[in-house]
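K.L.:
My structure is in entry-v8.csv, and what it holds is CSV, C-alpha atoms and all ligand atoms:
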chain,number,residue,atom,x,y,z
A,27,MET,CA,4.0,-18.8,-7.7
A,28,GLY,CA,3.5,-19.2,-3.9
A,29,VAL,CA,1.8,-16.3,-2.1
A,30,VAL,CA,1.7,-15.9,1.6
A,31,GLY,CA,-1.7,-14.4,2.4
A,32,ALA,CA,-4.8,-14.7,0.3
A,33,GLY,CA,-6.4,-11.3,0.6
A,34,GLN,CA,-7.6,-9.0,-2.2
A,35,LEU,CA,-4.1,-8.1,-3.3
A,36,GLY,CA,-3.4,-11.9,-3.8
A,37,ARG,CA,-6.7,-12.3,-5.6
A,38,MET,CA,-5.8,-9.5,-8.1
A,39,LEU,CA,-2.3,-11.0,-8.5
A,40,ALA,CA,-3.8,-14.4,-9.3
A,41,LEU,CA,-6.2,-12.9,-11.8
A,42,ALA,CA,-3.3,-11.0,-13.5
A,43,GLY,CA,-1.4,-14.3,-13.7
A,44,TYR,CA,-3.9,-16.3,-15.7
A,45,PRO,CA,-3.3,-14.7,-19.1
A,46,LEU,CA,0.5,-15.0,-18.6
A,47,GLY,CA,0.2,-18.7,-17.7
A,48,ILE,CA,1.4,-18.0,-14.2
A,49,ARG,CA,-0.5,-20.0,-11.6
A,50,CYS,CA,-0.7,-18.9,-8.0
A,51,LEU,CA,-0.9,-21.1,-4.9
A,52,PHE,CA,-1.8,-19.4,-1.7
A,53,LEU,CA,-1.3,-19.9,2.0
A,54,ASP,CA,-3.9,-18.5,4.4
A,55,ARG,CA,-6.1,-19.4,7.3
A,56,SER,CA,-9.4,-19.6,5.4
A,57,ALA,CA,-10.4,-21.4,2.2
A,58,MET,CA,-12.9,-18.6,1.8
A,59,ALA,CA,-10.2,-15.8,1.7
A,60,PRO,CA,-10.5,-13.5,-1.4
A,61,ALA,CA,-7.7,-15.1,-3.3
A,62,ALA,CA,-8.8,-18.7,-2.4
A,63,GLN,CA,-12.0,-18.0,-4.3
A,64,VAL,CA,-10.0,-17.8,-7.6
A,65,ALA,CA,-6.9,-20.0,-7.0
A,66,PRO,CA,-5.8,-23.1,-5.0
A,67,ILE,CA,-4.9,-22.6,-1.4
A,68,ILE,CA,-3.0,-24.4,1.4
A,69,THR,CA,-4.9,-23.7,4.6
A,70,GLY,CA,-3.0,-23.0,7.7
A,71,GLU,CA,-1.4,-20.3,9.9
A,72,LEU,CA,0.6,-17.8,7.9
A,73,GLU,CA,3.7,-18.4,9.9
A,74,ASP,CA,3.4,-22.2,10.3
A,75,ALA,CA,6.9,-23.4,9.3
A,76,ALA,CA,5.6,-26.7,7.8
A,77,ARG,CA,2.9,-25.0,5.7
A,78,LEU,CA,5.4,-22.3,4.5
A,79,ALA,CA,7.9,-25.1,3.5
A,80,GLU,CA,5.1,-26.9,1.6
A,81,LEU,CA,4.3,-23.6,-0.2
A,82,ALA,CA,7.9,-23.1,-1.1
A,83,ALA,CA,8.4,-26.7,-2.3
A,84,ARG,CA,5.5,-26.3,-4.6
A,85,SER,CA,6.5,-22.9,-6.0
A,86,GLU,CA,9.2,-21.5,-8.2
A,87,VAL,CA,9.1,-18.2,-6.5
A,88,VAL,CA,7.4,-17.1,-3.2
A,89,THR,CA,5.9,-13.6,-2.7
A,90,PHE,CA,3.4,-12.2,-0.1
A,91,ASP,CA,0.3,-10.2,0.0
A,92,TRP,CA,0.5,-10.0,3.8
A,93,GLU,CA,3.4,-7.7,4.7
A,94,ASN,CA,3.4,-8.5,8.4
A,95,ILE,CA,4.9,-11.9,8.1
A,96,SER,CA,8.1,-12.0,10.2
A,97,GLY,CA,11.5,-12.2,8.6
A,98,ALA,CA,12.2,-15.2,10.9
A,99,ALA,CA,9.3,-17.1,9.4
A,100,LEU,CA,10.3,-16.3,5.8
A,101,ALA,CA,14.1,-16.8,6.2
A,102,PRO,CA,14.1,-20.7,5.9
A,103,LEU,CA,12.2,-20.4,2.6
A,104,GLU,CA,15.2,-18.7,1.0
A,105,LYS,CA,17.0,-22.1,1.0
A,106,LEU,CA,14.1,-23.8,-0.8
A,107,THR,CA,13.1,-21.3,-3.5
A,108,LEU,CA,13.3,-17.6,-4.5
A,109,VAL,CA,11.7,-15.2,-2.1
A,110,ARG,CA,10.7,-11.9,-3.8
A,111,PRO,CA,10.6,-9.0,-2.9
A,112,PRO,CA,13.7,-9.5,-0.7
A,113,ARG,CA,13.2,-10.1,3.0
A,114,ALA,CA,15.3,-7.0,3.9
A,115,ALA,CA,12.7,-4.8,2.2
A,116,LEU,CA,9.9,-6.4,4.2
A,117,GLU,CA,11.7,-6.1,7.5
A,118,VAL,CA,12.6,-2.4,6.9
A,119,SER,CA,9.0,-1.6,6.1
A,120,GLN,CA,7.6,-3.4,9.1
A,121,ASP,CA,9.1,-0.8,11.5
A,122,ARG,CA,8.3,2.9,11.0
A,123,MET,CA,11.6,3.8,12.7
A,124,SER,CA,13.8,1.7,10.4
A,125,GLU,CA,11.8,2.8,7.4
A,126,LYS,CA,12.4,6.5,8.3
A,127,ALA,CA,16.1,5.7,8.9
A,128,LEU,CA,16.4,4.2,5.4
A,129,PHE,CA,14.6,7.2,3.9
A,130,SER,CA,16.9,9.6,5.7
A,131,LYS,CA,20.0,7.7,4.8
A,132,LEU,CA,18.9,8.0,1.1
A,133,ARG,CA,18.3,11.8,1.5
A,134,ILE,CA,14.5,11.4,1.2
A,135,PRO,CA,12.8,13.9,3.5
A,136,VAL,CA,10.6,12.6,6.4
A,137,ALA,CA,8.6,14.2,9.2
A,138,ALA,CA,10.6,15.1,12.4
A,139,HIS,CA,10.1,12.0,14.6
A,140,ALA,CA,11.3,10.2,17.7
A,141,ALA,CA,10.9,6.6,19.1
A,142,ILE,CA,8.7,6.5,22.1
A,143,ASP,CA,8.6,3.8,24.8
A,144,SER,CA,7.2,5.7,27.8
A,145,LYS,CA,4.8,8.5,28.6
A,146,GLU,CA,7.8,10.6,29.7
A,147,GLU,CA,9.4,10.2,26.3
A,148,LEU,CA,6.2,11.3,24.7
A,149,VAL,CA,6.0,14.4,26.8
A,150,SER,CA,9.5,15.4,26.0
A,151,ALA,CA,9.1,14.5,22.2
A,152,ALA,CA,6.0,16.6,22.0
A,153,ARG,CA,7.9,19.5,23.6
A,154,LYS,CA,11.0,19.1,21.5
A,155,LEU,CA,9.5,18.3,18.1
A,156,GLY,CA,6.4,20.4,18.6
A,157,LEU,CA,2.6,20.0,18.3
A,158,PRO,CA,0.4,18.9,16.7
A,159,GLY,CA,1.8,15.4,16.1
A,160,VAL,CA,0.8,11.9,15.5
A,161,LEU,CA,1.5,9.0,17.9
A,162,LYS,CA,1.7,5.7,16.1
A,163,THR,CA,2.6,2.1,16.7
A,164,ARG,CA,5.9,1.4,15.0
A,165,ARG,CA,4.8,-2.0,13.9
A,166,LEU,CA,1.6,-3.6,12.6
A,167,GLY,CA,-0.3,-0.3,12.1
A,168,TYR,CA,-2.2,0.0,8.9
A,169,ASP,CA,-5.0,2.1,7.5
A,170,GLY,CA,-4.9,4.5,10.3
A,171,LYS,CA,-5.1,1.8,13.0
A,172,GLY,CA,-2.9,2.3,16.1
A,173,GLN,CA,-2.7,6.1,15.6
A,174,PHE,CA,-3.6,9.1,17.7
A,175,VAL,CA,-3.4,12.8,16.6
A,176,LEU,CA,-2.2,15.0,19.4
A,177,ARG,CA,-3.2,18.6,19.2
A,178,GLY,CA,-2.0,19.8,22.7
A,179,GLN,CA,0.1,18.7,25.7
A,180,GLY,CA,-3.3,18.3,27.5
A,181,GLN,CA,-4.1,15.2,25.3
A,182,ILE,CA,-1.0,13.2,26.3
A,183,ASP,CA,-2.9,11.1,28.9
A,184,GLU,CA,-5.7,10.4,26.5
A,185,ALA,CA,-3.2,9.4,23.8
A,186,TRP,CA,-1.3,7.2,26.2
A,187,ALA,CA,-4.5,5.5,27.4
A,188,ALA,CA,-5.6,4.9,23.8
A,189,ILE,CA,-2.4,3.3,22.3
A,190,GLY,CA,0.4,3.8,25.0
A,191,GLY,CA,3.0,1.2,25.5
A,192,LEU,CA,6.3,0.1,24.1
A,193,GLY,CA,7.3,0.4,20.4
A,194,LEU,CA,5.7,3.7,19.4
A,195,ILE,CA,6.8,6.6,17.2
A,196,TYR,CA,5.9,10.3,17.5
A,197,GLU,CA,5.8,12.3,14.3
A,198,ARG,CA,5.3,15.9,13.7
A,199,PHE,CA,1.9,16.5,12.1
A,200,GLN,CA,2.4,17.4,8.4
A,201,GLU,CA,0.2,20.2,7.1
A,202,PHE,CA,0.0,18.7,3.7
A,203,SER,CA,-1.8,20.1,0.6
A,204,ARG,CA,-2.3,16.6,-0.7
A,205,GLU,CA,-1.1,13.0,-0.4
A,206,VAL,CA,0.4,11.3,-3.4
A,207,SER,CA,2.0,7.9,-4.0
A,208,ILE,CA,4.3,6.4,-6.5
A,209,VAL,CA,4.2,2.7,-7.6
A,210,GLY,CA,7.1,1.2,-9.5
A,211,ALA,CA,8.6,-2.2,-10.4
A,212,ARG,CA,12.2,-3.4,-10.5
A,213,SER,CA,13.5,-6.5,-12.1
A,214,ALA,CA,16.3,-8.7,-10.9
A,215,GLN,CA,18.5,-7.2,-13.6
A,216,GLY,CA,18.0,-3.7,-12.1
A,217,GLU,CA,15.6,-2.5,-14.8
A,218,SER,CA,12.9,-0.3,-13.3
A,219,VAL,CA,9.5,1.2,-14.4
A,220,PHE,CA,7.3,3.8,-12.7
A,221,TYR,CA,3.6,4.5,-12.8
A,222,PRO,CA,2.3,8.1,-13.0
A,223,LEU,CA,1.7,9.7,-9.6
A,224,SER,CA,-1.6,9.0,-7.9
A,225,SER,CA,-3.3,11.6,-5.7
A,226,ASN,CA,-4.9,10.0,-2.7
A,227,TYR,CA,-7.8,11.1,-0.4
A,228,HIS,CA,-8.0,9.5,3.0
A,229,GLY,CA,-10.7,9.6,5.7
A,230,GLY,CA,-9.9,8.4,9.2
A,231,GLY,CA,-6.5,7.2,8.0
A,232,ILE,CA,-7.9,4.9,5.3
A,233,LEU,CA,-7.8,5.4,1.6
A,234,HIS,CA,-11.2,6.6,0.3
A,235,TYR,CA,-10.3,7.3,-3.4
A,236,SER,CA,-7.5,8.1,-5.7
A,237,ILE,CA,-7.2,10.1,-8.9
A,238,ALA,CA,-4.5,9.3,-11.5
A,239,PRO,CA,-2.4,10.3,-13.3
A,240,PHE,CA,-1.9,13.3,-11.0
A,241,ALA,CA,-0.1,15.5,-13.5
A,242,ASN,CA,2.7,17.3,-11.8
A,243,ALA,CA,5.9,16.7,-13.7
A,244,GLY,CA,8.2,18.2,-11.1
A,245,LEU,CA,6.8,16.1,-8.2
A,246,GLU,CA,6.7,13.0,-10.3
A,247,ARG,CA,10.4,13.3,-11.3
A,248,ILE,CA,11.4,13.6,-7.6
A,249,ALA,CA,9.1,10.8,-6.5
A,250,ARG,CA,10.7,8.5,-9.2
A,251,THR,CA,14.2,9.5,-8.0
A,252,TYR,CA,13.3,8.6,-4.4
A,253,LEU,CA,11.6,5.3,-5.3
A,254,LYS,CA,14.6,4.3,-7.4
A,255,ARG,CA,17.0,5.1,-4.6
A,256,VAL,CA,15.1,2.8,-2.3
A,257,MET,CA,14.7,0.1,-4.9
A,258,ASN,CA,18.4,0.1,-5.6
A,259,ALA,CA,19.5,0.3,-2.0
A,260,LEU,CA,17.4,-2.8,-1.2
A,261,ALA,CA,18.3,-4.7,-4.5
A,262,TYR,CA,14.6,-4.8,-4.8
A,263,VAL,CA,12.6,-7.2,-7.1
A,264,GLY,CA,8.9,-6.7,-7.6
A,265,VAL,CA,6.5,-3.8,-7.1
A,266,LEU,CA,7.3,-1.2,-4.4
A,267,THR,CA,5.2,1.8,-3.3
A,268,ILE,CA,6.0,5.0,-1.4
A,269,GLU,CA,3.4,7.3,0.0
A,270,PHE,CA,4.2,11.0,0.4
A,271,PHE,CA,2.7,14.1,1.9
A,272,VAL,CA,3.0,17.2,-0.3
A,273,VAL,CA,4.1,20.0,2.1
A,274,LYS,CA,4.7,23.4,0.7
A,275,GLY,CA,5.3,21.9,-2.7
A,276,ARG,CA,7.9,19.4,-1.4
A,277,LEU,CA,7.6,15.6,-1.0
A,278,VAL,CA,7.8,14.2,2.5
A,279,ALA,CA,7.9,10.4,2.6
A,280,ASN,CA,5.3,8.9,4.9
A,281,GLU,CA,5.8,5.1,4.4
A,282,MET,CA,6.6,2.4,1.9
A,283,ALA,CA,4.9,-0.8,1.1
A,284,PRO,CA,6.9,-3.7,-0.4
A,285,ARG,CA,4.1,-4.9,-2.5
A,286,VAL,CA,1.3,-3.8,-4.9
A,287,HIS,CA,-0.7,-1.0,-3.3
A,288,ASN,CA,-4.3,0.2,-3.0
A,289,SER,CA,-3.4,3.5,-4.6
A,290,GLY,CA,-2.2,1.5,-7.6
A,291,HIS,CA,-5.4,-0.4,-8.3
A,292,TRP,CA,-6.3,2.1,-11.0
A,293,THR,CA,-3.6,0.6,-13.1
A,294,ILE,CA,-5.7,-2.5,-13.8
A,295,GLU,CA,-7.8,-0.6,-16.3
A,296,GLY,CA,-5.9,2.7,-16.4
A,297,CYS,CA,-2.5,1.5,-17.7
A,298,VAL,CA,-1.1,-0.7,-20.5
A,299,THR,CA,0.3,-3.1,-17.8
A,300,SER,CA,-1.2,-3.3,-14.3
A,301,GLN,CA,0.8,-3.1,-11.1
A,302,PHE,CA,-0.2,-6.8,-10.5
A,303,GLU,CA,1.1,-7.9,-13.8
A,304,ASN,CA,4.3,-6.0,-13.4
A,305,HIS,CA,4.8,-7.5,-10.0
A,306,LEU,CA,4.5,-11.0,-11.5
A,307,ARG,CA,6.7,-10.1,-14.5
A,308,ALA,CA,9.4,-8.7,-12.1
A,309,ILE,CA,9.5,-11.7,-9.7
A,310,CYS,CA,9.3,-14.3,-12.6
A,311,ASN,CA,12.2,-12.7,-14.5
A,312,LEU,CA,10.0,-11.6,-17.4
A,313,PRO,CA,10.4,-8.2,-19.2
A,314,LEU,CA,8.5,-5.4,-17.4
A,315,GLY,CA,5.5,-4.0,-19.1
A,316,SER,CA,4.6,-0.4,-20.2
A,317,THR,CA,3.3,1.8,-17.3
A,318,ARG,CA,1.7,4.3,-19.8
A,319,ALA,CA,-1.7,5.6,-18.7
A,320,LEU,CA,-4.6,5.0,-21.0
A,321,GLY,CA,-6.6,8.1,-19.9
A,322,HIS,CA,-7.8,9.7,-16.7
A,323,THR,CA,-8.9,7.5,-13.9
A,324,ALA,CA,-10.4,7.6,-10.5
A,325,MET,CA,-10.4,4.6,-8.1
A,326,VAL,CA,-13.0,4.5,-5.3
A,327,ASN,CA,-12.8,2.1,-2.4
A,328,PHE,CA,-15.8,0.2,-1.0
A,329,LEU,CA,-15.4,0.3,2.7
A,330,GLY,CA,-17.7,-1.5,5.2
A,331,ASN,CA,-20.5,-2.1,2.7
A,332,MET,CA,-20.9,-2.8,-1.0
A,333,PRO,CA,-22.6,-0.1,-3.1
A,334,ASP,CA,-25.5,-0.8,-5.5
A,335,ARG,CA,-23.7,-2.7,-8.3
A,336,ALA,CA,-26.3,-2.1,-11.0
A,337,ARG,CA,-26.3,1.6,-10.3
A,338,LEU,CA,-22.5,1.8,-10.6
A,339,LEU,CA,-22.3,-0.4,-13.7
A,340,ALA,CA,-24.6,2.0,-15.5
A,341,VAL,CA,-21.7,4.6,-15.3
A,342,ASP,CA,-19.9,4.6,-18.6
A,343,GLY,CA,-16.3,3.6,-18.3
A,344,LEU,CA,-16.6,2.1,-14.9
A,345,ALA,CA,-15.0,-1.3,-13.8
A,346,PHE,CA,-16.3,-3.0,-10.7
A,347,HIS,CA,-14.2,-5.2,-8.3
A,348,ASP,CA,-15.8,-7.2,-5.6
A,349,TYR,CA,-13.2,-9.0,-3.3
A,350,GLY,CA,-15.7,-11.6,-2.1
A,351,LYS,CA,-15.4,-10.6,1.5
A,352,GLU,CA,-17.9,-10.4,4.3
A,353,ALA,CA,-19.0,-6.9,5.2
A,354,ARG,CA,-17.5,-5.5,8.4
A,355,PRO,CA,-17.1,-1.8,9.4
A,356,GLY,CA,-14.0,-0.2,7.9
A,357,ARG,CA,-13.2,-3.4,5.9
A,358,LYS,CA,-12.0,-3.0,2.3
A,359,LEU,CA,-14.6,-5.0,0.4
A,360,GLY,CA,-14.0,-3.9,-3.2
A,361,HIS,CA,-13.3,-0.9,-5.4
A,362,CYS,CA,-14.3,0.6,-8.7
A,363,THR,CA,-12.3,2.4,-11.4
A,364,ILE,CA,-13.6,5.0,-13.7
A,365,LEU,CA,-11.6,5.5,-16.9
A,366,LYS,CA,-12.2,8.5,-19.1
A,367,SER,CA,-10.4,10.2,-22.0
A,368,ARG,CA,-10.6,13.6,-20.3
A,369,ALA,CA,-9.9,14.7,-16.8
A,370,THR,CA,-13.1,16.9,-16.7
A,371,GLU,CA,-15.2,13.8,-17.7
A,372,ARG,CA,-13.5,11.7,-15.1
A,373,ASN,CA,-14.2,14.4,-12.4
A,374,LEU,CA,-17.9,14.5,-13.3
A,375,ALA,CA,-18.2,10.7,-13.2
A,376,LEU,CA,-16.3,10.5,-9.9
A,377,ALA,CA,-18.7,13.1,-8.3
A,378,ASP,CA,-21.6,11.0,-9.6
A,379,VAL,CA,-20.1,7.7,-8.2
A,380,LEU,CA,-19.3,9.3,-4.9
A,381,LYS,CA,-23.0,9.9,-4.4
A,382,SER,CA,-23.6,6.1,-4.3
A,383,ILE,CA,-20.8,5.4,-1.9
A,384,GLN,CA,-21.0,5.4,1.9
A,385,TRP,CA,-17.8,4.5,3.7
A,386,THR,CA,-18.8,2.8,6.9
A,401,LIG,P1,-0.2,5.8,7.8
A,401,LIG,O1,-0.7,4.6,8.5
A,401,LIG,O2,1.1,6.3,8.3
A,401,LIG,O3,-0.2,5.7,6.3
A,401,LIG,O4,-1.2,7.0,8.1
A,401,LIG,C1,-2.5,7.0,7.5
A,401,LIG,C2,-3.0,8.4,7.2
A,401,LIG,O5,-3.0,9.2,8.4
A,401,LIG,C3,-2.1,9.1,6.2
A,401,LIG,O6,-2.4,8.8,4.9
A,401,LIG,C4,-2.4,10.6,6.6
A,401,LIG,O7,-3.7,11.0,6.0
A,401,LIG,C5,-2.6,10.5,8.1
A,401,LIG,N1,-1.2,10.8,8.7
A,401,LIG,C6,-0.4,9.9,9.1
A,401,LIG,N2,0.8,10.5,9.6
A,401,LIG,C7,0.6,11.8,9.5
A,401,LIG,C8,1.4,12.9,9.8
A,401,LIG,N3,2.6,12.8,10.4
A,401,LIG,N4,0.9,14.2,9.5
A,401,LIG,C9,-0.3,14.3,9.0
A,401,LIG,N5,-1.1,13.3,8.7
A,401,LIG,C10,-0.7,12.0,8.9
Spell out the structure here as structure tokens.
Ligand code: AMP

P.N.:
Amino acid sequence: MGVVGAGQLGRMLALAGYPLGIRCLFLDRSAMAPAAQVAPIITGELEDAARLAELAARSEVVTFDWENISGAALAPLEKLTLVRPPRAALEVSQDRMSEKALFSKLRIPVAAHAAIDSKEELVSAARKLGLPGVLKTRRLGYDGKGQFVLRGQGQIDEAWAAIGGLGLIYERFQEFSREVSIVGARSAQGESVFYPLSSNYHGGGILHYSIAPFANAGLERIARTYLKRVMNALAYVGVLTIEFFVVKGRLVANEMAPRVHNSGHWTIEGCVTSQFENHLRAICNLPLGSTRALGHTAMVNFLGNMPDRARLLAVDGLAFHDYGKEARPGRKLGHCTILKSRATERNLALADVLKSIQWT
């Protein structure tokens, strides 16, 4: 399997591939990238046509852990090998406007929003859609980067100075009670499986921790319906994630990711088949595996610095994941997952673990 990008998602894919006899080959700039530490790599720029062609020639199927690769760079590979998930899914998810247009077309609720290319448009959108709101870049924004929360008209100059320019979106701020996400996988034959909902806690726009399963049968049924609609509309193959806000008991879609997702890392220890294994199974035409949860889990991200490993490993039922990255503020360096048979035990262990974690 060829993988464009050798980050932590690629690393966990490669590790899931070994027991299945699926070998991964990566393309990334650095031979020290997280996935390159566990599997072979072609080093080069991620959009270098010759390197991509080499990756495709040496792979039966190409996938990506880096979702910002352009459709134009990926398109020629389709003549050489299978590219999964489909390029159309990648392209839709790369632009917050087209993502919201797809959701709306599929009758999936989204926040009121408008495309913004000038300060004047921002002034009028804030007036028309209301405040507070969030100004975001349409493309290349992730983990809260390229976002500004506007609380009043008086902040428009400040917002514009921070991220102003072409290609923005203004969204009405969602007064959510929680954030949840659903991860699912679809095979080329159209078979699909869905993981239990995960409840996600962010700080500064970046995921801090998740608990799963988040038991809410009503919301889960609707989330599955929405995810299935998107999968079918895109003839999707692989793992797909949608993140939602829960607003007054209703799901409002925030964004989708055409790949395995941070809020699904708990499935490695928490489910019969992990999201990584199901992505591999889906794109390699193998039967999809059970998404049944094995207990109650919490997944905690390590951001900016690594916690005391020995201290965490002393927690019963904890699994530790180090991505092999250099520490840098705000960078995802690893995570841990706590698996318990009861939710109350999970909550106690989570509270204990959080005492050892500092997000920097
Ligand atoms: P995103 O990059 O769109 O996933 O945004 C990162 C995080 O910022 C989300 O998980 C929310 O916590 C927050 N956020 C983004 N958009 C909104 C919004 N329209 N209303 C309220 N919070 C938001």

K.L.:
Have a look at CA of Glu117 (chain A) and CA of Ala188 (chain A) and let me know their distance in Å, one decimal.

P.N.:
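Atom-to-atom, CA of Glu117 (chain A) and CA of Ala188 (chain A) are spaced 26.2 Å apart.
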
K.L.:
Go through chain A and flag each residue having an atom no more than 8 Å from ligand LIG 401 (chain A); for those, report the closest pair of atoms plus their distance in Å to one decimal, using all atoms listed in the file, ordered by chain and rising number, as a Markdown table.

P.N.:
| residue | atom | partner | partner_atom | distance |
| --- | --- | --- | --- | --- |
| A:Ala137 | CA | A:LIG401 | N3 | 6.3 |
| A:Gly159 | CA | A:LIG401 | N3 | 6.3 |
| A:Val160 | CA | A:LIG401 | N3 | 5.5 |
| A:Lys162 | CA | A:LIG401 | O2 | 7.8 |
| A:Gly167 | CA | A:LIG401 | O1 | 6.1 |
| A:Tyr168 | CA | A:LIG401 | O1 | 4.9 |
| A:Asp169 | CA | A:LIG401 | O1 | 5.1 |
| A:Gly170 | CA | A:LIG401 | C1 | 4.5 |
| A:Lys171 | CA | A:LIG401 | O1 | 6.9 |
| A:Gln173 | CA | A:LIG401 | O1 | 7.5 |
| A:Glu197 | CA | A:LIG401 | N3 | 5.1 |
| A:Arg198 | CA | A:LIG401 | N3 | 5.3 |
| A:Phe199 | CA | A:LIG401 | N4 | 3.6 |
| A:Gln200 | CA | A:LIG401 | N4 | 3.7 |
| A:Glu201 | CA | A:LIG401 | C9 | 6.2 |
| A:Phe202 | CA | A:LIG401 | C9 | 6.9 |
| A:Glu205 | CA | A:LIG401 | O6 | 6.9 |
| A:Tyr227 | CA | A:LIG401 | O7 | 7.6 |
| A:His228 | CA | A:LIG401 | O7 | 5.5 |
| A:Gly229 | CA | A:LIG401 | O7 | 7.1 |
| A:Gly230 | CA | A:LIG401 | O5 | 7.0 |
| A:Gly231 | CA | A:LIG401 | C2 | 3.8 |
| A:Ile232 | CA | A:LIG401 | C1 | 6.2 |
| A:Leu233 | CA | A:LIG401 | O6 | 7.2 |
| A:Glu269 | CA | A:LIG401 | O3 | 7.4 |
| A:Phe271 | CA | A:LIG401 | C9 | 7.7 |
| A:Asn280 | CA | A:LIG401 | O2 | 6.0 |
| A:Glu281 | CA | A:LIG401 | O2 | 6.2 |

K.L.:
Just C-alpha atoms for this one: save the residues we selected as a PDB file, keeping the file's coordinate frame.

P.N.:
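Result file again-v9.pdb:
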ATOM      1  CA  ALA A 137       8.600  14.200   9.200  1.00  0.00           C
ATOM      2  CA  GLY A 159       1.800  15.400  16.100  1.00  0.00           C
ATOM      3  CA  VAL A 160       0.800  11.900  15.500  1.00  0.00           C
ATOM      4  CA  LYS A 162       1.700   5.700  16.100  1.00  0.00           C
ATOM      5  CA  GLY A 167      -0.300  -0.300  12.100  1.00  0.00           C
ATOM      6  CA  TYR A 168      -2.200   0.000   8.900  1.00  0.00           C
ATOM      7  CA  ASP A 169      -5.000   2.100   7.500  1.00  0.00           C
ATOM      8  CA  GLY A 170      -4.900   4.500  10.300  1.00  0.00           C
ATOM      9  CA  LYS A 171      -5.100   1.800  13.000  1.00  0.00           C
ATOM     10  CA  GLN A 173      -2.700   6.100  15.600  1.00  0.00           C
ATOM     11  CA  GLU A 197       5.800  12.300  14.300  1.00  0.00           C
ATOM     12  CA  ARG A 198       5.300  15.900  13.700  1.00  0.00           C
ATOM     13  CA  PHE A 199       1.900  16.500  12.100  1.00  0.00           C
ATOM     14  CA  GLN A 200       2.400  17.400   8.400  1.00  0.00           C
ATOM     15  CA  GLU A 201       0.200  20.200   7.100  1.00  0.00           C
ATOM     16  CA  PHE A 202       0.000  18.700   3.700  1.00  0.00           C
ATOM     17  CA  GLU A 205      -1.100  13.000  -0.400  1.00  0.00           C
ATOM     18  CA  TYR A 227      -7.800  11.100  -0.400  1.00  0.00           C
ATOM     19  CA  HIS A 228      -8.000   9.500   3.000  1.00  0.00           C
ATOM     20  CA  GLY A 229     -10.700   9.600   5.700  1.00  0.00           C
ATOM     21  CA  GLY A 230      -9.900   8.400   9.200  1.00  0.00           C
ATOM     22  CA  GLY A 231      -6.500   7.200   8.000  1.00  0.00           C
ATOM     23  CA  ILE A 232      -7.900   4.900   5.300  1.00  0.00           C
ATOM     24  CA  LEU A 233      -7.800   5.400   1.600  1.00  0.00           C
ATOM     25  CA  GLU A 269       3.400   7.300   0.000  1.00  0.00           C
ATOM     26  CA  PHE A 271       2.700  14.100   1.900  1.00  0.00           C
ATOM     27  CA  ASN A 280       5.300   8.900   4.900  1.00  0.00           C
ATOM     28  CA  GLU A 281       5.800   5.100   4.400  1.00  0.00           C
TER      29      GLU A 281
END

K.L.:
Between CA of Gly190 (chain A) and CA of Leu157 (chain A), what is the distance in Å, rounded to a tenth?

P.N.:
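Between CA of Gly190 (chain A) and CA of Leu157 (chain A) the gap is 17.7 Å.
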
K.L.:
Counting only C-alpha atoms, which residue out of A:Val265, A:Asn311, A:Gly180, A:Asn304 sits closest to Gln215 (chain A)?

P.N.:
A:Asn311

K.L.:
If you count all atoms listed in the file, which residues fall within 12 Å of region 54-67 of chain A, apart from same-chain ones fewer than 2 positions away, as a compact mmCIF listing (two decimals) with C-alpha atoms, in the frame of the given file?

P.N.:
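Once everything was written out, this is out27.txt:
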# COMPACT_ATOMS: atom_id res chain seq x y z
CA MET A 27 4.00 -18.80 -7.70
CA GLY A 28 3.50 -19.20 -3.90
CA VAL A 29 1.80 -16.30 -2.10
CA VAL A 30 1.70 -15.90 1.60
CA GLY A 31 -1.70 -14.40 2.40
CA ALA A 32 -4.80 -14.70 0.30
CA GLY A 33 -6.40 -11.30 0.60
CA GLN A 34 -7.60 -9.00 -2.20
CA LEU A 35 -4.10 -8.10 -3.30
CA GLY A 36 -3.40 -11.90 -3.80
CA ARG A 37 -6.70 -12.30 -5.60
CA MET A 38 -5.80 -9.50 -8.10
CA LEU A 39 -2.30 -11.00 -8.50
CA ALA A 40 -3.80 -14.40 -9.30
CA LEU A 41 -6.20 -12.90 -11.80
CA ALA A 42 -3.30 -11.00 -13.50
CA GLY A 43 -1.40 -14.30 -13.70
CA TYR A 44 -3.90 -16.30 -15.70
CA ILE A 48 1.40 -18.00 -14.20
CA ARG A 49 -0.50 -20.00 -11.60
CA CYS A 50 -0.70 -18.90 -8.00
CA LEU A 51 -0.90 -21.10 -4.90
CA PHE A 52 -1.80 -19.40 -1.70
CA THR A 69 -4.90 -23.70 4.60
CA GLY A 70 -3.00 -23.00 7.70
CA GLU A 71 -1.40 -20.30 9.90
CA LEU A 72 0.60 -17.80 7.90
CA GLU A 73 3.70 -18.40 9.90
CA ASP A 74 3.40 -22.20 10.30
CA ARG A 77 2.90 -25.00 5.70
CA LEU A 78 5.40 -22.30 4.50
CA GLU A 80 5.10 -26.90 1.60
CA LEU A 81 4.30 -23.60 -0.20
CA ARG A 84 5.50 -26.30 -4.60
CA PHE A 90 3.40 -12.20 -0.10
CA ASP A 91 0.30 -10.20 0.00
CA TRP A 92 0.50 -10.00 3.80
CA ILE A 95 4.90 -11.90 8.10
CA HIS A 347 -14.20 -5.20 -8.30
CA ASP A 348 -15.80 -7.20 -5.60
CA TYR A 349 -13.20 -9.00 -3.30
CA GLY A 350 -15.70 -11.60 -2.10
CA LYS A 351 -15.40 -10.60 1.50
CA GLU A 352 -17.90 -10.40 4.30
CA LYS A 358 -12.00 -3.00 2.30
CA LEU A 359 -14.60 -5.00 0.40
CA GLY A 360 -14.00 -3.90 -3.20
